[in-house]
$ cat model.txt   # compact mmCIF, C-alpha atoms
# COMPACT_ATOMS: atom_id res chain seq x y z
CA MET A 14 -17.40 -103.53 175.35
CA ARG A 15 -17.40 -99.72 175.51
CA LEU A 16 -18.97 -97.93 172.57
CA SER A 17 -17.83 -94.35 172.11
CA TYR A 18 -17.41 -91.66 169.47
CA ASP A 19 -14.24 -89.91 168.38
CA ASP A 20 -13.33 -86.39 169.50
CA ALA A 21 -14.59 -84.75 166.29
CA THR A 22 -18.02 -86.33 166.71
CA GLU A 23 -18.23 -85.28 170.36
CA ALA A 24 -17.27 -81.73 169.36
CA PHE A 25 -20.11 -81.82 166.83
CA ARG A 26 -22.49 -82.96 169.59
CA ALA A 27 -21.34 -80.17 171.89
CA GLU A 28 -21.80 -77.54 169.17
CA LEU A 29 -25.30 -78.80 168.45
CA ASN A 30 -26.35 -78.81 172.11
CA ASP A 31 -24.93 -75.34 172.65
CA TRP A 32 -27.01 -74.03 169.73
CA LEU A 33 -30.14 -75.85 170.90
CA ASP A 34 -29.73 -74.52 174.44
CA ARG A 35 -29.75 -71.00 173.04
CA HIS A 36 -32.45 -71.35 170.38
CA CYS A 37 -34.82 -74.20 171.26
CA PRO A 38 -38.38 -72.83 171.73
CA VAL A 39 -39.81 -72.67 175.23
CA ILE A 40 -42.80 -75.01 175.36
CA THR A 41 -45.92 -73.90 177.22
CA PRO A 42 -49.58 -75.01 177.10
CA GLU A 43 -50.22 -72.04 174.78
CA THR A 44 -47.48 -72.80 172.25
CA VAL A 45 -47.29 -76.60 172.37
CA MET A 46 -48.19 -78.45 169.19
CA PRO A 47 -50.83 -81.19 169.30
CA ARG A 48 -49.85 -84.63 168.16
CA SER A 49 -51.56 -84.00 164.80
CA SER A 50 -48.31 -82.58 163.59
CA ALA A 51 -48.96 -81.01 160.23
CA ASP A 52 -50.61 -77.83 161.52
CA MET A 53 -47.81 -75.46 160.51
CA VAL A 54 -48.60 -72.56 162.86
CA PRO A 55 -46.25 -69.54 162.82
CA TRP A 56 -43.84 -70.53 165.60
CA VAL A 57 -43.43 -73.98 164.06
CA ARG A 58 -42.51 -72.50 160.69
CA GLN A 59 -40.11 -70.07 162.38
CA TRP A 60 -38.43 -72.92 164.29
CA GLN A 61 -37.90 -74.98 161.13
CA ARG A 62 -36.57 -71.90 159.32
CA ALA A 63 -34.11 -71.23 162.16
CA LEU A 64 -32.81 -74.80 161.91
CA PHE A 65 -32.49 -74.41 158.15
CA ASP A 66 -30.66 -71.08 158.35
CA HIS A 67 -28.10 -72.42 160.83
CA GLY A 68 -27.47 -75.75 159.11
CA TRP A 69 -29.24 -77.88 161.70
CA LEU A 70 -32.32 -79.00 159.76
CA VAL A 71 -30.68 -81.86 157.83
CA PRO A 72 -27.01 -81.71 158.88
CA GLY A 73 -25.89 -84.29 156.32
CA TRP A 74 -27.00 -82.10 153.43
CA THR A 75 -25.17 -79.09 152.00
CA PRO A 76 -25.53 -75.64 153.61
CA GLU A 77 -27.70 -74.56 150.66
CA ARG A 78 -30.19 -77.23 151.68
CA GLY A 79 -30.24 -76.67 155.42
CA GLY A 80 -27.22 -78.74 156.41
CA ARG A 81 -23.49 -78.60 157.07
CA ASN A 82 -22.08 -81.62 155.20
CA ALA A 83 -22.12 -83.72 158.37
CA THR A 84 -20.88 -87.31 158.24
CA PRO A 85 -23.35 -90.22 158.62
CA VAL A 86 -22.16 -90.75 162.20
CA GLN A 87 -22.68 -87.06 163.01
CA SER A 88 -26.17 -87.26 161.50
CA MET A 89 -26.98 -90.15 163.82
CA VAL A 90 -25.70 -88.18 166.82
CA TYR A 91 -27.86 -85.26 165.68
CA LEU A 92 -30.98 -87.44 165.75
CA GLU A 93 -30.02 -88.80 169.17
CA GLU A 94 -29.78 -85.30 170.63
CA MET A 95 -32.92 -83.99 168.91
CA ALA A 96 -34.90 -86.89 170.38
CA ARG A 97 -34.01 -85.61 173.87
CA ARG A 98 -35.52 -82.18 173.23
CA PRO A 99 -39.16 -81.21 173.86
CA VAL A 100 -39.73 -80.16 170.23
CA GLN A 101 -39.31 -81.91 166.91
CA ARG A 102 -37.14 -80.49 164.14
CA THR A 103 -40.25 -80.37 161.93
CA TYR A 104 -43.96 -80.79 162.48
CA ASN A 105 -44.48 -81.94 158.90
CA PRO A 106 -42.34 -85.10 159.02
CA GLN A 107 -43.62 -86.61 155.79
CA GLY A 108 -42.71 -83.39 154.03
CA LEU A 109 -39.15 -83.22 155.36
CA SER A 110 -38.23 -86.90 155.61
CA ILE A 111 -39.97 -88.41 152.57
CA ILE A 112 -41.23 -85.88 150.03
CA THR A 113 -38.54 -83.20 149.98
CA PRO A 114 -35.59 -85.62 149.53
CA SER A 115 -37.62 -87.38 146.84
CA LEU A 116 -38.12 -84.05 145.10
CA PHE A 117 -34.36 -83.57 145.06
CA ASP A 118 -33.91 -87.10 143.71
CA TYR A 119 -36.54 -87.08 140.97
CA GLY A 120 -37.75 -83.53 140.43
CA SER A 121 -36.60 -81.06 137.79
CA ALA A 122 -34.58 -77.97 138.68
CA GLU A 123 -37.75 -75.89 138.38
CA GLN A 124 -39.70 -78.23 140.66
CA ILE A 125 -36.93 -78.22 143.26
CA GLU A 126 -36.90 -74.43 143.24
CA ARG A 127 -40.70 -74.11 143.41
CA TRP A 128 -41.47 -76.83 145.98
CA GLY A 129 -38.26 -78.29 147.39
CA MET A 130 -36.59 -75.24 148.87
CA PRO A 131 -39.78 -73.67 150.32
CA SER A 132 -40.54 -77.04 151.95
CA LEU A 133 -37.18 -77.02 153.71
CA LYS A 134 -37.81 -73.50 154.97
CA GLY A 135 -41.19 -74.45 156.46
CA GLU A 136 -43.16 -72.45 153.92
CA ILE A 137 -45.02 -75.45 152.44
CA SER A 138 -46.58 -78.43 154.22
CA TRP A 139 -47.28 -81.79 152.61
CA CYS A 140 -49.35 -84.94 152.82
CA LEU A 141 -48.53 -88.27 151.18
CA GLY A 142 -51.24 -89.75 148.94
CA MET A 143 -50.31 -93.41 148.97
CA SER A 144 -52.68 -95.71 150.91
CA GLU A 145 -56.15 -96.47 149.54
CA PRO A 146 -59.17 -98.31 150.97
CA ASP A 147 -58.40 -101.48 148.97
CA ALA A 148 -54.62 -101.05 148.77
CA GLY A 149 -53.27 -100.19 152.19
CA SER A 150 -49.88 -101.89 152.10
CA ASP A 151 -50.13 -102.89 148.43
CA LEU A 152 -49.17 -99.80 146.47
CA ALA A 153 -49.34 -101.73 143.20
CA GLY A 154 -53.05 -102.25 143.83
CA LEU A 155 -53.94 -98.54 143.88
CA LYS A 156 -56.98 -97.46 141.84
CA THR A 157 -56.87 -93.65 141.94
CA ARG A 158 -56.53 -92.81 138.27
CA ALA A 159 -55.23 -89.83 136.38
CA GLU A 160 -56.35 -89.46 132.78
CA VAL A 161 -53.45 -88.17 130.70
CA PHE A 162 -53.90 -85.20 128.38
CA ASP A 163 -51.33 -83.10 126.54
CA SER A 164 -51.28 -80.29 129.12
CA HIS A 165 -52.86 -81.78 132.23
CA PHE A 166 -54.18 -84.76 134.17
CA VAL A 167 -57.72 -85.33 135.47
CA VAL A 168 -57.67 -87.22 138.78
CA ASN A 169 -60.46 -89.35 140.27
CA GLY A 170 -60.25 -91.64 143.27
CA GLN A 171 -59.68 -91.83 147.02
CA LYS A 172 -56.82 -91.96 149.51
CA VAL A 173 -57.07 -92.94 153.17
CA TRP A 174 -54.96 -92.65 156.36
CA THR A 175 -53.51 -89.50 154.81
CA SER A 176 -51.61 -87.85 157.66
CA GLY A 177 -51.96 -84.07 157.84
CA ALA A 178 -54.15 -83.75 154.74
CA HIS A 179 -56.47 -81.33 156.54
CA HIS A 180 -53.57 -78.88 156.97
CA ALA A 181 -51.41 -79.68 153.93
CA ASP A 182 -50.77 -77.29 151.08
CA TRP A 183 -49.78 -80.03 148.61
CA CYS A 184 -50.14 -83.77 148.15
CA TRP A 185 -47.37 -86.06 146.83
CA CYS A 186 -49.87 -88.29 145.09
CA PHE A 187 -49.45 -91.75 143.55
CA VAL A 188 -51.91 -92.30 140.71
CA ARG A 189 -52.53 -94.86 137.96
CA THR A 190 -51.82 -93.30 134.58
CA ASP A 191 -51.86 -96.50 132.49
CA ALA A 192 -54.59 -99.00 133.26
CA GLU A 193 -53.29 -101.41 130.60
CA ALA A 194 -49.74 -101.67 131.95
CA ALA A 195 -48.62 -104.17 134.57
CA LYS A 196 -49.67 -103.14 138.08
CA HIS A 197 -46.18 -101.98 139.05
CA LYS A 198 -45.56 -100.13 135.80
CA GLY A 199 -48.69 -98.03 135.36
CA ILE A 200 -48.16 -95.74 138.37
CA SER A 201 -46.97 -92.11 138.31
CA VAL A 202 -46.40 -89.36 140.89
CA ILE A 203 -48.05 -85.97 140.55
CA LEU A 204 -48.26 -82.95 142.86
CA VAL A 205 -51.81 -81.97 143.74
CA ASP A 206 -52.70 -78.57 145.17
CA MET A 207 -54.94 -79.42 148.12
CA ARG A 208 -56.99 -76.28 147.45
CA SER A 209 -57.91 -77.48 143.96
CA GLU A 210 -61.55 -77.73 142.97
CA GLY A 211 -62.70 -81.33 143.41
CA VAL A 212 -60.50 -82.14 146.42
CA ARG A 213 -62.52 -83.10 149.50
CA ILE A 214 -60.96 -83.96 152.88
CA ARG A 215 -62.72 -85.88 155.63
CA PRO A 216 -60.88 -86.30 158.96
CA LEU A 217 -61.05 -89.73 160.56
CA ALA A 218 -62.06 -89.95 164.21
CA GLY A 219 -59.29 -91.10 166.53
CA LEU A 220 -59.43 -93.43 169.52
CA LEU A 221 -58.77 -90.72 172.07
CA ASP A 222 -59.20 -87.16 170.87
CA ARG A 223 -60.99 -86.30 167.64
CA GLU A 224 -59.58 -82.78 167.64
CA GLU A 225 -55.99 -84.00 167.72
CA ASN A 226 -56.35 -86.79 165.17
CA ASP A 227 -54.02 -86.62 162.17
CA PHE A 228 -55.58 -89.13 159.75
CA ASN A 229 -57.91 -88.27 156.88
CA GLU A 230 -59.72 -89.59 153.86
CA VAL A 231 -59.11 -87.59 150.67
CA PHE A 232 -61.47 -87.71 147.69
CA PHE A 233 -60.55 -86.54 144.19
CA THR A 234 -63.37 -85.73 141.77
CA ASP A 235 -62.29 -84.51 138.31
CA VAL A 236 -59.31 -82.67 139.81
CA VAL A 237 -57.25 -80.95 137.11
CA VAL A 238 -53.47 -81.10 137.62
CA PRO A 239 -51.06 -79.36 135.20
CA ARG A 240 -48.66 -81.66 133.35
CA SER A 241 -45.78 -79.61 134.80
CA GLN A 242 -46.59 -81.19 138.19
CA LEU A 243 -45.60 -84.69 137.08
CA ILE A 244 -42.55 -85.93 139.00
CA GLY A 245 -40.06 -87.82 136.87
CA GLN A 246 -41.50 -89.75 133.94
CA LEU A 247 -44.90 -91.33 133.34
CA GLY A 248 -44.94 -94.81 134.83
CA GLN A 249 -41.97 -94.15 137.12
CA GLY A 250 -44.08 -94.14 140.27
CA TRP A 251 -43.03 -97.56 141.55
CA SER A 252 -39.33 -96.77 141.59
CA ILE A 253 -40.05 -93.34 143.08
CA ALA A 254 -42.09 -95.01 145.84
CA ASN A 255 -39.21 -97.29 146.72
CA GLY A 256 -36.85 -94.31 146.86
CA SER A 257 -39.29 -92.27 148.94
CA LEU A 258 -39.79 -95.00 151.54
CA ALA A 259 -36.04 -95.58 151.70
CA HIS A 260 -35.68 -91.98 152.87
CA GLU A 261 -38.30 -92.58 155.57
CA ARG A 262 -36.70 -95.79 156.83
CA GLY A 263 -33.07 -94.71 156.73
CA MET A 264 -32.81 -93.72 160.40
CA MET A 265 -36.18 -95.01 161.60
CA TRP A 266 -34.49 -97.69 163.70
CA LEU A 267 -32.90 -94.96 165.83
CA THR A 268 -36.24 -93.27 166.45
CA GLY A 269 -37.70 -96.57 167.59
CA ALA A 270 -34.68 -97.39 169.73
CA LEU A 271 -34.77 -94.03 171.48
CA ALA A 272 -38.52 -94.33 172.05
CA LEU A 273 -38.02 -97.72 173.66
CA HIS A 274 -35.09 -96.45 175.73
CA GLY A 275 -37.16 -93.50 176.97
CA ASP A 276 -40.07 -95.76 177.89
CA VAL A 277 -37.77 -98.11 179.80
CA ASP A 278 -36.28 -95.21 181.76
CA ARG A 279 -39.76 -93.98 182.62
CA ALA A 280 -40.91 -97.45 183.66
CA ILE A 281 -37.89 -97.81 185.97
CA ARG A 282 -38.57 -94.45 187.62
CA GLU A 283 -42.22 -95.31 188.20
CA CYS A 284 -41.32 -98.73 189.58
CA GLN A 285 -38.93 -97.13 192.08
CA ALA A 286 -41.34 -94.40 193.22
CA MET A 287 -43.01 -94.83 196.59
CA ARG A 288 -46.81 -95.00 196.53
CA SER A 289 -49.23 -93.69 199.13
CA ASP A 290 -49.57 -97.13 200.73
CA GLY A 291 -45.80 -97.38 201.29
CA THR A 292 -45.20 -99.90 198.51
CA ARG A 293 -43.58 -99.63 195.10
CA LEU A 294 -44.59 -101.11 191.74
CA GLY A 295 -41.13 -102.65 191.58
CA ASP A 296 -41.78 -104.71 194.70
CA ASP A 297 -43.68 -107.14 192.50
CA PRO A 298 -41.18 -109.57 190.89
CA ARG A 299 -43.47 -109.96 187.88
CA VAL A 300 -43.24 -106.21 187.19
CA ARG A 301 -39.46 -106.27 187.60
CA ASP A 302 -39.28 -109.14 185.12
CA ARG A 303 -41.32 -107.23 182.51
CA VAL A 304 -39.23 -104.07 182.84
CA ALA A 305 -35.96 -106.03 182.78
CA SER A 306 -37.09 -107.78 179.60
CA ALA A 307 -37.84 -104.41 178.00
CA TYR A 308 -34.41 -103.11 179.07
CA ILE A 309 -32.75 -106.09 177.38
CA ASP A 310 -34.79 -105.39 174.23
CA SER A 311 -33.66 -101.76 174.22
CA GLN A 312 -29.98 -102.72 174.54
CA ALA A 313 -30.29 -105.39 171.86
CA MET A 314 -31.97 -102.94 169.52
CA MET A 315 -29.25 -100.32 169.95
CA ALA A 316 -26.50 -102.90 169.41
CA MET A 317 -28.21 -104.28 166.32
CA GLY A 318 -28.84 -100.76 165.03
CA TYR A 319 -25.22 -99.71 165.44
CA LYS A 320 -24.07 -102.87 163.70
CA GLY A 321 -26.40 -102.27 160.78
CA PHE A 322 -25.44 -98.61 160.61
CA ALA A 323 -21.74 -99.49 160.52
CA LYS A 324 -22.41 -101.77 157.55
CA PHE A 325 -24.53 -99.14 155.83
CA ALA A 326 -21.83 -96.47 156.30
CA LYS A 327 -19.33 -98.79 154.58
CA GLY A 328 -21.65 -99.42 151.65
CA MET A 329 -22.49 -102.95 152.74
CA VAL A 330 -25.88 -104.66 152.74
CA SER A 331 -27.58 -104.34 156.14
CA PRO A 332 -30.25 -106.99 156.79
CA GLU A 333 -30.44 -105.68 160.38
CA HIS A 334 -32.49 -102.70 159.18
CA SER A 335 -35.16 -105.06 157.86
CA VAL A 336 -35.55 -106.48 161.37
CA LEU A 337 -35.23 -103.29 163.41
CA LYS A 338 -38.44 -101.59 162.37
CA LEU A 339 -40.47 -104.67 163.27
CA PHE A 340 -38.56 -105.36 166.49
CA GLY A 341 -38.66 -101.74 167.64
CA SER A 342 -42.35 -101.00 167.10
CA GLU A 343 -43.40 -104.33 168.60
CA SER A 344 -41.09 -103.96 171.63
CA VAL A 345 -42.41 -100.48 172.45
CA HIS A 346 -45.96 -101.74 172.05
CA ARG A 347 -45.29 -104.71 174.34
CA LEU A 348 -43.80 -102.57 177.13
CA ARG A 349 -46.62 -100.03 176.98
CA GLU A 350 -49.19 -102.81 177.13
CA ASP A 351 -47.37 -104.34 180.12
CA MET A 352 -47.24 -101.01 181.95
CA THR A 353 -50.91 -100.35 181.19
CA SER A 354 -51.82 -103.60 182.91
CA VAL A 355 -49.50 -102.78 185.82
CA VAL A 356 -50.79 -99.26 186.62
CA GLY A 357 -54.43 -100.28 186.23
CA ALA A 358 -57.04 -97.66 187.06
CA ALA A 359 -54.36 -95.07 187.84
CA GLY A 360 -53.68 -94.81 184.12
CA ILE A 361 -57.16 -93.57 183.27
CA ASP A 362 -56.61 -90.00 184.49
CA LEU A 363 -56.14 -87.86 181.38
CA THR A 364 -55.65 -84.56 183.22
CA GLY A 365 -53.24 -82.39 181.28
CA GLN A 366 -53.06 -84.95 178.51
CA ARG A 367 -53.08 -82.43 175.63
CA PHE A 368 -50.05 -80.65 177.06
CA LEU A 369 -48.18 -83.88 177.79
CA ARG A 370 -48.70 -85.32 174.33
CA GLY A 371 -47.73 -82.10 172.65
CA MET A 372 -44.44 -82.06 174.54
CA GLY A 373 -43.61 -85.49 173.24
CA ALA A 374 -44.11 -87.06 176.68
CA ASN A 375 -46.00 -90.32 176.78
CA GLY A 376 -48.79 -89.25 179.08
CA PRO A 377 -50.78 -92.04 180.77
CA TRP A 378 -49.60 -95.52 179.78
CA PRO A 379 -52.97 -96.54 178.25
CA VAL A 380 -52.84 -93.52 175.95
CA ALA A 381 -49.28 -94.34 174.92
CA TRP A 382 -50.25 -97.98 174.34
CA LEU A 383 -53.22 -97.11 172.15
CA GLY A 384 -51.15 -94.61 170.20
CA GLN A 385 -48.44 -97.19 169.52
CA PHE A 386 -50.75 -99.32 167.39
CA GLY A 387 -50.18 -96.84 164.57
CA SER A 388 -46.41 -97.34 164.74
CA THR A 389 -46.82 -101.05 164.06
CA ILE A 390 -48.56 -100.11 160.81
CA SER A 391 -46.77 -97.02 159.44
CA ALA A 392 -43.75 -97.49 157.14
CA GLY A 393 -44.66 -101.15 156.74
CA ALA A 394 -47.14 -103.10 158.86
CA SER A 395 -45.65 -105.75 161.12
CA GLU A 396 -47.31 -108.53 159.12
CA ILE A 397 -45.79 -107.22 155.88
CA GLN A 398 -42.39 -106.79 157.54
CA ARG A 399 -42.44 -110.42 158.66
CA ASN A 400 -43.10 -111.53 155.08
CA ILE A 401 -40.25 -109.37 153.79
CA ILE A 402 -37.82 -110.72 156.40
CA ALA A 403 -38.87 -114.30 155.71
CA GLU A 404 -38.57 -114.06 151.93
CA ARG A 405 -35.85 -111.50 151.27
CA VAL A 406 -33.58 -111.83 154.31
CA LEU A 407 -33.95 -115.47 155.32
CA GLY A 408 -34.71 -116.78 151.82
CA LEU A 409 -37.72 -118.83 152.91
CA PRO A 410 -40.23 -119.96 150.26
CA ARG A 411 -43.44 -117.98 149.81
CA ARG A 412 -45.52 -121.00 150.81
$ encode --input "model.txt" --output "structure tokens"
Amino acid sequence: MRLSYDDATEAFRAELNDWLDRHCPVITPETVMPRSSADMVPWVRQWQRALFDHGWLVPGWTPERGGRNATPVQSMVYLEEMARRPVQRTYNPQGLSIITPSLFDYGSAEQIERWGMPSLKGEISWCLGMSEPDAGSDLAGLKTRAEVFDSHFVVNGQKVWTSGAHHADWCWCFVRTDAEAAKHKGISVILVDMRSEGVRIRPLAGLLDREENDFNEVFFTDVVVPRSQLIGQLGQGWSIANGSLAHERGMMWLTGALALHGDVDRAIRECQAMRSDGTRLGDDPRVRDRVASAYIDSQAMMAMGYKGFAKFAKGMVSPEHSVLKLFGSESVHRLREDMTSVVGAAGIDLTGQRFLRGMGANGPWPVAWLGQFGSTISAGASEIQRNIIAERVLGLPRR
């Protein structure tokens, strides 16, 4: 079978690559962004604004919102090509991929004008206040409360694993506004200014580099939030959460597939390279078997992804997307663990690691392997995904 795109789609790809060739920032050790991506330094904001102004930020949206009315297939091609570049389209991914589209879905015209459009232009950065110490993957179990008054809310509680909170201007925050309602029905979404009195941020130490870590704990102590910063209606938080995460997961399978494909290509190159003792990693049949298995996974993931996308584009239900996130994050993790064991002590050298990671390169295999643990948790931990697939896709009983 030969999979290919039509002429119009290839013309779209060529136009995109021509623009990127002329405008993509030159990455150097001085300008590269660390992996903690929410630090919206000037060149990052300028890059996002350039994409917005030329319709390349979210091509599937209207020109007024940083797009060019691209088709779903063209949007997929866009993500394919962007993944091959040394810079991301935004360094505040939760702001662009989750919060801003949710603002357009649920916010008022005034809220869209105040927060939505500046977010697209790179003028505002966001963090997502969802996970809590006792409610990591169980949003309905959140305890951060917001007392409701006529003109404002008073927020008390804690969030954890809050990516980019130490650099964010605003927090898209899920809070409990009705303690008497059912767990799913007493949740609301409010916008919290991260400079408000009573907001305290404590970065969490990472495995590898404390300075580059992106996770934080956020504490709210009697934080006053104007009533005008409520998104949607009181108690609508559960449905908003489902809509927000749908935005995040829409094309996530492609990100995972391209990450796996890139890792496989790198593994093949390293297996073919001659070492100082005149041997190659690929001389070992066990190594060849591991890399071949990963290659098969990458091809299966792309085929499954295209099948699911074709269904989605036709308005059909796509159970493939429920499987792809789990399959992709676990496959990447498995290959990186295999390559870590293969390279052994050679993988310990972290020379130039900050520059490599900032460019989006994997760096040493052990670093890539350790970093991949987070991808098996974000947007739905693997254990939770298995439950969802079992119950909602396969129809298996809960017990």
$ closest_residue --input "model.txt" --among "A:Asp235, A:Asp296, A:Glu160, A:Asp182" --to "A:Gly135" --atoms "only C-alpha atoms"
A:Asp182
$ atom_distance --input "model.txt" --atom1 "atom CA of A:Val167" --atom2 "atom CA of A:Val237"
4.7 Å
$ atom_distance --input "model.txt" --atom1 "atom CA of A:Ser138" --atom2 "atom CA of A:Val161"
26.4 Å
$ atom_distance --input "model.txt" --atom1 "atom CA of A:Phe166" --atom2 "atom CA of A:Leu217"
27.7 Å
$ residues_near_point --input "model.txt" --point "(-28.8, -71.1, 153.9)" --cutoff "6 Å" --atoms "all atoms listed in the file" --output "list in words"
Asp66, Pro76, Glu77 and Gly79 of chain A
$ closest_residue --input "model.txt" --among "A:Ala24, A:Val90, A:Val202, A:Met130" --to "A:Gly142" --atoms "all atoms listed in the file"
A:Val202
$ closest_residue --input "model.txt" --among "A:Thr113, A:His67, A:Gln101, A:Arg301" --to "A:Arg282" --atoms "only C-alpha atoms"
A:Arg301
$ closest_residue --input "model.txt" --among "A:Pro38, A:Arg405, A:Arg215, A:His346" --to "A:Ser331" --atoms "only C-alpha atoms"
A:Arg405
$ build_atoms --input "model.txt" --residues "stretch 198-205 of chain A" --atoms "all heavy atoms" --output "PDB file, keeping the file's coordinate frame"
ATOM      1  N   LYS A 198     -46.115-101.013 136.830  1.00  0.00           N
ATOM      2  CA  LYS A 198     -45.560-100.130 135.800  1.00  0.00           C
ATOM      3  C   LYS A 198     -46.507 -99.009 135.377  1.00  0.00           C
ATOM      4  O   LYS A 198     -46.103 -98.118 134.630  1.00  0.00           O
ATOM      5  CB  LYS A 198     -45.156-100.949 134.574  1.00  0.00           C
ATOM      6  CG  LYS A 198     -44.044-101.950 134.855  1.00  0.00           C
ATOM      7  CD  LYS A 198     -43.643-102.690 133.596  1.00  0.00           C
ATOM      8  CE  LYS A 198     -42.497-103.665 133.878  1.00  0.00           C
ATOM      9  NZ  LYS A 198     -42.085-104.415 132.663  1.00  0.00           N
ATOM     10  N   GLY A 199     -47.741 -99.039 135.817  1.00  0.00           N
ATOM     11  CA  GLY A 199     -48.690 -98.030 135.360  1.00  0.00           C
ATOM     12  C   GLY A 199     -48.919 -96.900 136.340  1.00  0.00           C
ATOM     13  O   GLY A 199     -49.900 -96.170 136.248  1.00  0.00           O
ATOM     14  N   ILE A 200     -47.984 -96.721 137.297  1.00  0.00           N
ATOM     15  CA  ILE A 200     -48.160 -95.740 138.370  1.00  0.00           C
ATOM     16  C   ILE A 200     -47.243 -94.536 138.136  1.00  0.00           C
ATOM     17  O   ILE A 200     -46.097 -94.689 137.711  1.00  0.00           O
ATOM     18  CB  ILE A 200     -47.830 -96.378 139.738  1.00  0.00           C
ATOM     19  CG1 ILE A 200     -48.750 -97.563 139.998  1.00  0.00           C
ATOM     20  CG2 ILE A 200     -47.930 -95.354 140.870  1.00  0.00           C
ATOM     21  CD1 ILE A 200     -48.377 -98.379 141.213  1.00  0.00           C
ATOM     22  N   SER A 201     -47.765 -93.334 138.416  1.00  0.00           N
ATOM     23  CA  SER A 201     -46.970 -92.110 138.310  1.00  0.00           C
ATOM     24  C   SER A 201     -47.172 -91.277 139.574  1.00  0.00           C
ATOM     25  O   SER A 201     -48.078 -91.524 140.375  1.00  0.00           O
ATOM     26  CB  SER A 201     -47.397 -91.292 137.082  1.00  0.00           C
ATOM     27  OG  SER A 201     -47.262 -92.051 135.894  1.00  0.00           O
ATOM     28  N   VAL A 202     -46.302 -90.280 139.750  1.00  0.00           N
ATOM     29  CA  VAL A 202     -46.400 -89.360 140.890  1.00  0.00           C
ATOM     30  C   VAL A 202     -46.690 -87.966 140.364  1.00  0.00           C
ATOM     31  O   VAL A 202     -45.986 -87.465 139.475  1.00  0.00           O
ATOM     32  CB  VAL A 202     -45.103 -89.337 141.705  1.00  0.00           C
ATOM     33  CG1 VAL A 202     -45.199 -88.309 142.839  1.00  0.00           C
ATOM     34  CG2 VAL A 202     -44.815 -90.715 142.288  1.00  0.00           C
ATOM     35  N   ILE A 203     -47.725 -87.352 140.906  1.00  0.00           N
ATOM     36  CA  ILE A 203     -48.050 -85.970 140.550  1.00  0.00           C
ATOM     37  C   ILE A 203     -48.234 -85.167 141.836  1.00  0.00           C
ATOM     38  O   ILE A 203     -48.503 -85.724 142.908  1.00  0.00           O
ATOM     39  CB  ILE A 203     -49.325 -85.875 139.691  1.00  0.00           C
ATOM     40  CG1 ILE A 203     -50.525 -86.498 140.420  1.00  0.00           C
ATOM     41  CG2 ILE A 203     -49.106 -86.548 138.339  1.00  0.00           C
ATOM     42  CD1 ILE A 203     -51.828 -86.345 139.668  1.00  0.00           C
ATOM     43  N   LEU A 204     -48.066 -83.858 141.729  1.00  0.00           N
ATOM     44  CA  LEU A 204     -48.260 -82.950 142.860  1.00  0.00           C
ATOM     45  C   LEU A 204     -49.627 -82.304 142.737  1.00  0.00           C
ATOM     46  O   LEU A 204     -49.920 -81.651 141.732  1.00  0.00           O
ATOM     47  CB  LEU A 204     -47.164 -81.880 142.883  1.00  0.00           C
ATOM     48  CG  LEU A 204     -45.720 -82.384 142.828  1.00  0.00           C
ATOM     49  CD1 LEU A 204     -44.759 -81.215 142.973  1.00  0.00           C
ATOM     50  CD2 LEU A 204     -45.459 -83.430 143.905  1.00  0.00           C
ATOM     51  N   VAL A 205     -50.447 -82.490 143.766  1.00  0.00           N
ATOM     52  CA  VAL A 205     -51.810 -81.970 143.740  1.00  0.00           C
ATOM     53  C   VAL A 205     -51.950 -80.846 144.748  1.00  0.00           C
ATOM     54  O   VAL A 205     -51.649 -81.026 145.941  1.00  0.00           O
ATOM     55  CB  VAL A 205     -52.832 -83.081 144.053  1.00  0.00           C
ATOM     56  CG1 VAL A 205     -54.253 -82.516 144.028  1.00  0.00           C
ATOM     57  CG2 VAL A 205     -52.693 -84.242 143.064  1.00  0.00           C
TER      58      VAL A 205
END
